[in-house]
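Asks: Structure: structure.pdb, PDB, C-alpha atoms.
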```
MODEL        1
ATOM      1  CA  MET A   1       0.000   0.000   0.000  1.00  0.00           C
ATOM      2  CA  SER A   2       1.176   3.535  -0.616  1.00  0.00           C
ATOM      3  CA  LYS A   3       2.240   5.732   2.256  1.00  0.00           C
ATOM      4  CA  ASP A   4      -0.861   7.921   2.071  1.00  0.00           C
ATOM      5  CA  GLY A   5      -3.378   5.071   1.898  1.00  0.00           C
ATOM      6  CA  GLU A   6      -4.112   5.284  -1.824  1.00  0.00           C
ATOM      7  CA  ILE A   7      -5.230   2.035  -3.390  1.00  0.00           C
ATOM      8  CA  TRP A   8      -4.491   3.184  -6.973  1.00  0.00           C
ATOM      9  CA  HIS A   9      -3.125   6.138  -8.887  1.00  0.00           C
ATOM     10  CA  THR A  10      -2.656   7.262 -12.455  1.00  0.00           C
ATOM     11  CA  ASP A  11       0.926   6.825 -13.587  1.00  0.00           C
ATOM     12  CA  PRO A  12       2.095  10.268 -14.791  1.00  0.00           C
ATOM     13  CA  VAL A  13       4.291   8.737 -17.525  1.00  0.00           C
ATOM     14  CA  THR A  14       1.923   6.160 -19.061  1.00  0.00           C
ATOM     15  CA  LEU A  15      -1.374   7.768 -17.953  1.00  0.00           C
ATOM     16  CA  ARG A  16      -2.597   4.287 -16.983  1.00  0.00           C
ATOM     17  CA  ASP A  17      -4.290   3.454 -13.700  1.00  0.00           C
ATOM     18  CA  VAL A  18      -1.921   1.503 -11.455  1.00  0.00           C
ATOM     19  CA  LEU A  19      -3.034  -0.701  -8.590  1.00  0.00           C
ATOM     20  CA  LEU A  20      -1.217  -0.011  -5.311  1.00  0.00           C
ATOM     21  CA  ASP A  21      -3.163  -2.193  -2.848  1.00  0.00           C
ATOM     22  CA  TRP A  22      -4.270  -5.419  -4.532  1.00  0.00           C
ATOM     23  CA  ALA A  23      -5.834  -7.011  -1.438  1.00  0.00           C
ATOM     24  CA  ARG A  24      -7.901  -3.950  -0.569  1.00  0.00           C
ATOM     25  CA  VAL A  25      -9.190  -3.571  -4.119  1.00  0.00           C
ATOM     26  CA  GLU A  26      -9.989  -7.261  -4.443  1.00  0.00           C
ATOM     27  CA  SER A  27     -11.853  -7.262  -1.130  1.00  0.00           C
ATOM     28  CA  SER A  28     -13.965  -4.300  -2.282  1.00  0.00           C
ATOM     29  CA  LEU A  29     -15.209  -6.175  -5.343  1.00  0.00           C
ATOM     30  CA  ASP A  30     -18.120  -7.991  -3.692  1.00  0.00           C
ATOM     31  CA  GLY A  31     -19.774  -4.976  -2.121  1.00  0.00           C
ATOM     32  CA  CYS A  32     -19.242  -2.290  -4.725  1.00  0.00           C
ATOM     33  CA  PRO A  33     -21.914  -0.844  -7.026  1.00  0.00           C
ATOM     34  CA  GLU A  34     -22.111  -2.383 -10.510  1.00  0.00           C
ATOM     35  CA  LEU A  35     -20.672   0.711 -12.194  1.00  0.00           C
ATOM     36  CA  GLU A  36     -17.645   0.699  -9.926  1.00  0.00           C
ATOM     37  CA  LYS A  37     -17.312  -3.086 -10.275  1.00  0.00           C
ATOM     38  CA  VAL A  38     -16.358  -2.758 -13.954  1.00  0.00           C
ATOM     39  CA  TRP A  39     -13.552  -0.359 -13.079  1.00  0.00           C
ATOM     40  CA  VAL A  40     -12.368  -2.529 -10.157  1.00  0.00           C
ATOM     41  CA  LEU A  41     -12.239  -5.571 -12.458  1.00  0.00           C
ATOM     42  CA  LEU A  42     -10.057  -3.535 -14.820  1.00  0.00           C
ATOM     43  CA  LEU A  43      -7.698  -2.562 -11.997  1.00  0.00           C
ATOM     44  CA  LEU A  44      -7.398  -6.249 -11.168  1.00  0.00           C
ATOM     45  CA  GLY A  45      -6.535  -7.094 -14.782  1.00  0.00           C
ATOM     46  CA  ARG A  46      -9.763  -9.012 -15.382  1.00  0.00           C
ATOM     47  CA  GLU A  47     -10.624  -7.344 -18.696  1.00  0.00           C
ATOM     48  CA  GLN A  48     -12.952 -10.074 -20.061  1.00  0.00           C
ATOM     49  CA  GLU A  49     -15.087  -9.950 -16.908  1.00  0.00           C
ATOM     50  CA  ALA A  50     -15.064  -6.153 -17.017  1.00  0.00           C
ATOM     51  CA  VAL A  51     -16.317  -6.123 -20.610  1.00  0.00           C
ATOM     52  CA  ALA A  52     -19.077  -8.626 -19.794  1.00  0.00           C
ATOM     53  CA  ALA A  53     -20.137  -6.667 -16.696  1.00  0.00           C
ATOM     54  CA  GLY A  54     -19.973  -3.381 -18.620  1.00  0.00           C
ATOM     55  CA  ARG A  55     -22.104  -4.680 -21.468  1.00  0.00           C
ATOM     56  CA  LEU A  56     -24.692  -5.985 -19.016  1.00  0.00           C
ATOM     57  CA  LEU A  57     -24.683  -2.687 -17.140  1.00  0.00           C
ATOM     58  CA  LEU A  58     -25.109  -0.671 -20.343  1.00  0.00           C
ATOM     59  CA  ALA A  59     -27.947  -2.890 -21.557  1.00  0.00           C
ATOM     60  CA  GLY A  60     -29.957  -2.178 -18.410  1.00  0.00           C
ATOM     61  CA  ALA A  61     -29.044   1.475 -17.932  1.00  0.00           C
ATOM     62  CA  GLY A  62     -31.575   4.278 -17.938  1.00  0.00           C
ATOM     63  CA  ASP A  63     -28.826   6.889 -18.042  1.00  0.00           C
ATOM     64  CA  ARG A  64     -26.208   5.447 -20.400  1.00  0.00           C
ATOM     65  CA  PHE A  65     -23.525   8.104 -19.822  1.00  0.00           C
ATOM     66  CA  ARG A  66     -21.355   6.511 -17.106  1.00  0.00           C
ATOM     67  CA  PRO A  67     -21.886   2.907 -18.288  1.00  0.00           C
ATOM     68  CA  LEU A  68     -20.679   4.002 -21.740  1.00  0.00           C
ATOM     69  CA  LEU A  69     -17.475   5.360 -20.251  1.00  0.00           C
ATOM     70  CA  VAL A  70     -16.657   2.357 -18.068  1.00  0.00           C
ATOM     71  CA  LEU A  71     -17.354  -0.024 -20.941  1.00  0.00           C
ATOM     72  CA  ALA A  72     -15.105   2.138 -23.118  1.00  0.00           C
ATOM     73  CA  GLN A  73     -12.350   1.777 -20.508  1.00  0.00           C
ATOM     74  CA  ALA A  74     -12.798  -1.995 -20.564  1.00  0.00           C
ATOM     75  CA  TYR A  75     -12.539  -2.130 -24.362  1.00  0.00           C
ATOM     76  CA  GLN A  76      -9.553   0.210 -24.224  1.00  0.00           C
ATOM     77  CA  ARG A  77      -7.691  -2.305 -22.057  1.00  0.00           C
ATOM     78  CA  GLN A  78      -8.254  -4.760 -24.909  1.00  0.00           C
ATOM     79  CA  TYR A  79      -6.994  -2.245 -27.503  1.00  0.00           C
ATOM     80  CA  ARG A  80     -10.340  -2.264 -29.302  1.00  0.00           C
ATOM     81  CA  TRP A  81      -9.973   1.326 -30.461  1.00  0.00           C
ATOM     82  CA  HIS A  82     -12.953   1.440 -32.845  1.00  0.00           C
ATOM     83  CA  LYS A  83     -15.382   0.232 -30.186  1.00  0.00           C
ATOM     84  CA  VAL A  84     -13.923   2.690 -27.665  1.00  0.00           C
ATOM     85  CA  ALA A  85     -14.255   5.591 -30.109  1.00  0.00           C
ATOM     86  CA  LYS A  86     -17.906   4.743 -30.830  1.00  0.00           C
ATOM     87  CA  LEU A  87     -18.717   4.649 -27.113  1.00  0.00           C
ATOM     88  CA  HIS A  88     -16.932   7.968 -26.585  1.00  0.00           C
ATOM     89  CA  GLU A  89     -18.929   9.518 -29.436  1.00  0.00           C
ATOM     90  CA  GLU A  90     -22.204   8.442 -27.856  1.00  0.00           C
ATOM     91  CA  ALA A  91     -21.073   9.687 -24.434  1.00  0.00           C
ATOM     92  CA  LEU A  92     -20.244  13.084 -25.962  1.00  0.00           C
ATOM     93  CA  ARG A  93     -23.744  13.295 -27.417  1.00  0.00           C
ATOM     94  CA  LEU A  94     -25.225  12.489 -24.005  1.00  0.00           C
ATOM     95  CA  ALA A  95     -22.896  14.655 -21.896  1.00  0.00           C
ATOM     96  CA  GLY A  96     -25.267  17.606 -21.487  1.00  0.00           C
ATOM     97  CA  THR A  97     -22.995  19.621 -19.175  1.00  0.00           C
ATOM     98  CA  PRO A  98     -19.491  21.051 -19.559  1.00  0.00           C
ATOM     99  CA  THR A  99     -18.199  18.910 -16.685  1.00  0.00           C
ATOM    100  CA  ARG A 100     -19.522  15.689 -18.199  1.00  0.00           C
ATOM    101  CA  GLU A 101     -18.139  16.718 -21.585  1.00  0.00           C
ATOM    102  CA  ALA A 102     -14.780  17.385 -19.919  1.00  0.00           C
ATOM    103  CA  HIS A 103     -14.843  13.879 -18.464  1.00  0.00           C
ATOM    104  CA  VAL A 104     -15.403  12.386 -21.919  1.00  0.00           C
ATOM    105  CA  ARG A 105     -12.724  14.616 -23.482  1.00  0.00           C
ATOM    106  CA  HIS A 106     -10.225  13.459 -20.857  1.00  0.00           C
ATOM    107  CA  GLN A 107     -11.082   9.822 -21.587  1.00  0.00           C
ATOM    108  CA  ILE A 108     -10.698  10.453 -25.318  1.00  0.00           C
ATOM    109  CA  GLY A 109      -7.311  11.977 -24.585  1.00  0.00           C
ATOM    110  CA  ARG A 110      -6.276   8.853 -22.702  1.00  0.00           C
ATOM    111  CA  ARG A 111      -7.371   6.664 -25.614  1.00  0.00           C
ATOM    112  CA  LEU A 112      -5.481   8.773 -28.138  1.00  0.00           C
ATOM    113  CA  PHE A 113      -2.433   8.753 -25.869  1.00  0.00           C
ATOM    114  CA  GLU A 114      -2.483   4.948 -25.722  1.00  0.00           C
ATOM    115  CA  GLU A 115      -2.872   4.824 -29.491  1.00  0.00           C
ATOM    116  CA  GLY A 116       0.299   6.895 -29.802  1.00  0.00           C
ATOM    117  CA  ARG A 117      -1.570   9.911 -31.176  1.00  0.00           C
ATOM    118  CA  TYR A 118       0.054  12.311 -28.730  1.00  0.00           C
ATOM    119  CA  ARG A 119      -0.675  15.596 -30.508  1.00  0.00           C
ATOM    120  CA  ASP A 120      -4.391  14.746 -30.726  1.00  0.00           C
ATOM    121  CA  ALA A 121      -4.356  13.553 -27.123  1.00  0.00           C
ATOM    122  CA  ALA A 122      -2.824  16.849 -25.962  1.00  0.00           C
ATOM    123  CA  ALA A 123      -5.600  18.776 -27.718  1.00  0.00           C
ATOM    124  CA  GLU A 124      -8.303  16.688 -25.993  1.00  0.00           C
ATOM    125  CA  PHE A 125      -6.630  17.078 -22.597  1.00  0.00           C
ATOM    126  CA  GLU A 126      -6.427  20.840 -23.110  1.00  0.00           C
ATOM    127  CA  TRP A 127     -10.107  20.956 -24.058  1.00  0.00           C
ATOM    128  CA  ALA A 128     -10.998  18.890 -20.980  1.00  0.00           C
ATOM    129  CA  SER A 129      -8.905  21.150 -18.760  1.00  0.00           C
ATOM    130  CA  ASP A 130     -10.624  24.277 -20.079  1.00  0.00           C
ATOM    131  CA  LEU A 131     -14.074  22.742 -19.551  1.00  0.00           C
ATOM    132  CA  TYR A 132     -13.216  21.578 -16.040  1.00  0.00           C
ATOM    133  CA  GLN A 133     -11.748  24.994 -15.214  1.00  0.00           C
ATOM    134  CA  SER A 134     -14.868  26.805 -16.394  1.00  0.00           C
ATOM    135  CA  GLY A 135     -16.928  24.539 -14.133  1.00  0.00           C
ATOM    136  CA  GLY A 136     -14.761  25.247 -11.101  1.00  0.00           C
ATOM    137  CA  ARG A 137     -13.310  21.731 -11.035  1.00  0.00           C
ATOM    138  CA  ASP A 138      -9.729  22.826 -10.386  1.00  0.00           C
ATOM    139  CA  ARG A 139      -8.294  19.450  -9.348  1.00  0.00           C
ATOM    140  CA  LEU A 140      -9.659  17.751 -12.467  1.00  0.00           C
ATOM    141  CA  ALA A 141      -8.517  20.671 -14.636  1.00  0.00           C
ATOM    142  CA  GLU A 142      -5.006  20.252 -13.236  1.00  0.00           C
ATOM    143  CA  ALA A 143      -5.026  16.490 -13.921  1.00  0.00           C
ATOM    144  CA  SER A 144      -5.978  17.181 -17.543  1.00  0.00           C
ATOM    145  CA  ARG A 145      -3.271  19.869 -17.795  1.00  0.00           C
ATOM    146  CA  GLN A 146      -0.673  17.421 -16.487  1.00  0.00           C
ATOM    147  CA  ALA A 147      -1.782  14.807 -19.028  1.00  0.00           C
ATOM    148  CA  MET A 148      -1.613  17.455 -21.780  1.00  0.00           C
ATOM    149  CA  THR A 149       1.919  18.354 -20.712  1.00  0.00           C
ATOM    150  CA  ARG A 150       2.958  14.689 -20.807  1.00  0.00           C
ATOM    151  CA  ALA A 151       1.490  14.219 -24.296  1.00  0.00           C
ATOM    152  CA  ARG A 152       3.306  17.341 -25.520  1.00  0.00           C
ATOM    153  CA  GLU A 153       6.585  16.142 -23.997  1.00  0.00           C
ATOM    154  CA  ILE A 154       6.380  12.964 -26.049  1.00  0.00           C
ATOM    155  CA  THR A 155       5.436  14.923 -29.176  1.00  0.00           C
ATOM    156  CA  ASP A 156       8.446  17.202 -28.665  1.00  0.00           C
ATOM    157  CA  GLN A 157      10.758  14.196 -28.290  1.00  0.00           C
ATOM    158  CA  SER A 158       9.625  12.715 -31.597  1.00  0.00           C
TER
ENDMDL
END
```
Mind turning this structure into structure tokens?
Replies:
Amino acid sequence: MSKDGEIWHTDPVTLRDVLLDWARVESSLDGCPELEKVWVLLLLGREQEAVAAGRLLLAGAGDRFRPLLVLAQAYQRQYRWHKVAKLHEEALRLAGTPTREAHVRHQIGRRLFEEGRYRDAAAEFEWASDLYQSGGRDRLAEASRQAMTRAREITDQS
């Protein structure tokens, strides 16, 4: 476990979620809400189960926004870029608020980053940061700015 009790964090170099406390995350699996369960399965490296749970969750969802994004994360772990992009497109259409749009833009940035499209990723992270900032979500704006900076660093090294 990390010194400050975190169970996971986003690696600032790869922009991937990294598990810090396996036992604590695994023990939380049984009691967590279905939406969170998909993400926890991904942290545990159980991508197939995450996709199955995400698809089931999306099929029964009244509000599809968050289920779309967690299913997109599950497909992203499988490098199924086309499926991820389609889910992100639908989530953008459903966003409805600048903060929700910012969340989607940040996720798109992460996908583009993983695809090696660093310049495009930086643009999405910048857009997300601006949207978060305008909504007073300073911590999230800063996370998007840091991701943008990382994407630009890689672009500059190329």
Asks: Please put the answer as JSON: centre and edge lengths, in Å with one decimal, of a box along x, y and z that encloses all listed atoms of stretch 11-17 of chain A plus 8 Å on each side.
Replies:
```
{"center_x": 0.0, "center_y": 6.9, "center_z": -16.3, "size_x": 24.6, "size_y": 22.8, "size_z": 21.5}
```
Asks: Can you pull out the residues contacting stretch 13-16 of chain A? Cut-off 12 Å, using all atoms listed in the file, and skip same-chain residues under 2 positions away; I want them as an MDAnalysis selection string.
Replies: chainID A and resid 8:11 18:19 42:43 73 76:77 106:107 109:116 118 121 125 143:144 146:154
Asks: Those residues you just picked out, can you put them in a file as a CSV table (one decimal), in the frame of the given file with C-alpha atoms?
Replies:
```csv
chain,number,residue,atom,x,y,z
A,8,TRP,CA,-4.5,3.2,-7.0
A,9,HIS,CA,-3.1,6.1,-8.9
A,10,THR,CA,-2.7,7.3,-12.5
A,11,ASP,CA,0.9,6.8,-13.6
A,18,VAL,CA,-1.9,1.5,-11.5
A,19,LEU,CA,-3.0,-0.7,-8.6
A,42,LEU,CA,-10.1,-3.5,-14.8
A,43,LEU,CA,-7.7,-2.6,-12.0
A,73,GLN,CA,-12.4,1.8,-20.5
A,76,GLN,CA,-9.6,0.2,-24.2
A,77,ARG,CA,-7.7,-2.3,-22.1
A,106,HIS,CA,-10.2,13.5,-20.9
A,107,GLN,CA,-11.1,9.8,-21.6
A,109,GLY,CA,-7.3,12.0,-24.6
A,110,ARG,CA,-6.3,8.9,-22.7
A,111,ARG,CA,-7.4,6.7,-25.6
A,112,LEU,CA,-5.5,8.8,-28.1
A,113,PHE,CA,-2.4,8.8,-25.9
A,114,GLU,CA,-2.5,4.9,-25.7
A,115,GLU,CA,-2.9,4.8,-29.5
A,116,GLY,CA,0.3,6.9,-29.8
A,118,TYR,CA,0.1,12.3,-28.7
A,121,ALA,CA,-4.4,13.6,-27.1
A,125,PHE,CA,-6.6,17.1,-22.6
A,143,ALA,CA,-5.0,16.5,-13.9
A,144,SER,CA,-6.0,17.2,-17.5
A,146,GLN,CA,-0.7,17.4,-16.5
A,147,ALA,CA,-1.8,14.8,-19.0
A,148,MET,CA,-1.6,17.5,-21.8
A,149,THR,CA,1.9,18.4,-20.7
A,150,ARG,CA,3.0,14.7,-20.8
A,151,ALA,CA,1.5,14.2,-24.3
A,152,ARG,CA,3.3,17.3,-25.5
A,153,GLU,CA,6.6,16.1,-24.0
A,154,ILE,CA,6.4,13.0,-26.0
```
Asks: Which polymer residues have any atom within 12 Å of an atom of stretch 83-87 of chain A, counting only C-alpha atoms, with same-chain residues fewer than 4 positions away left out, as an MDAnalysis selection string?
Replies: chainID A and resid 51 54:55 58 64:79 91:94 104:105 107:112 114:115
Asks: Can you write out the residues you just picked, keeping C-alpha atoms, as a short mmCIF file (atom, residue, chain, number, x, y, z; two decimals), in the frame of the given file?
Replies:
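Contents of the output file selection-v5.cif:
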```
data_model
loop_
_atom_site.label_atom_id
_atom_site.label_comp_id
_atom_site.auth_asym_id
_atom_site.auth_seq_id
_atom_site.Cartn_x
_atom_site.Cartn_y
_atom_site.Cartn_z
CA VAL A 51 -16.32 -6.12 -20.61
CA GLY A 54 -19.97 -3.38 -18.62
CA ARG A 55 -22.10 -4.68 -21.47
CA LEU A 58 -25.11 -0.67 -20.34
CA ARG A 64 -26.21 5.45 -20.40
CA PHE A 65 -23.52 8.10 -19.82
CA ARG A 66 -21.36 6.51 -17.11
CA PRO A 67 -21.89 2.91 -18.29
CA LEU A 68 -20.68 4.00 -21.74
CA LEU A 69 -17.48 5.36 -20.25
CA VAL A 70 -16.66 2.36 -18.07
CA LEU A 71 -17.35 -0.02 -20.94
CA ALA A 72 -15.10 2.14 -23.12
CA GLN A 73 -12.35 1.78 -20.51
CA ALA A 74 -12.80 -2.00 -20.56
CA TYR A 75 -12.54 -2.13 -24.36
CA GLN A 76 -9.55 0.21 -24.22
CA ARG A 77 -7.69 -2.31 -22.06
CA GLN A 78 -8.25 -4.76 -24.91
CA TYR A 79 -6.99 -2.24 -27.50
CA ALA A 91 -21.07 9.69 -24.43
CA LEU A 92 -20.24 13.08 -25.96
CA ARG A 93 -23.74 13.30 -27.42
CA LEU A 94 -25.22 12.49 -24.00
CA VAL A 104 -15.40 12.39 -21.92
CA ARG A 105 -12.72 14.62 -23.48
CA GLN A 107 -11.08 9.82 -21.59
CA ILE A 108 -10.70 10.45 -25.32
CA GLY A 109 -7.31 11.98 -24.58
CA ARG A 110 -6.28 8.85 -22.70
CA ARG A 111 -7.37 6.66 -25.61
CA LEU A 112 -5.48 8.77 -28.14
CA GLU A 114 -2.48 4.95 -25.72
CA GLU A 115 -2.87 4.82 -29.49
#
```
Asks: So, with all atoms listed in the file as the atoms that count, which of A:Ala61, A:Ala123, A:Ala50, A:Leu56 lies closest to A:Leu29?
Replies: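 Among the listed residues, the smallest separation from A:Leu29 belongs to A:Ala50.
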Asks: For A:His103, work out the shell of residues within 9 Å, counting only C-alpha atoms and skipping chain neighbours fewer than 5 positions away, then give it as JSON, numbers by chain.
Replies: {"A": [95, 98, 108, 128, 131, 132, 140]}
Asks: How many Å separate atom CA of A:Lys37 from atom CA of A:Gly62?
Replies: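 It comes out at 17.8 Å.
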Asks: Let me make sure I understand: among A:Arg119, A:Leu44, A:Asp63, A:Glu126, which one has the smallest atom-to-atom distance to A:Gly96 if we use only C-alpha atoms?
Replies: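 Using only C-alpha atoms, A:Gly96 sits closest to A:Asp63.
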Asks: Would you work out the distance separating atom CA of A:Ala53 from atom CA of A:Leu41, expressed in Å to one decimal?
Replies: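 Going from atom CA of A:Ala53 over to atom CA of A:Leu41, I get 9.0 Å.
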Asks: Nearest to A:Arg24: which of A:Glu142, A:Thr97, A:Ser129, A:Ile7 is it, counting only C-alpha atoms?
Replies: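 Under the stated criterion, the closest residue is A:Ile7.
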Asks: Could you please determine the separation between atom CA of A:Trp22 and atom CA of A:Ala52 in Å, to one decimal place?
Replies: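 Computing it gives 21.5 Å between the two atoms.
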Asks: Closest to A:Leu57 among A:Ala122, A:Glu26, A:Leu20, A:Glu36, using only C-alpha atoms?
Replies: A:Glu36
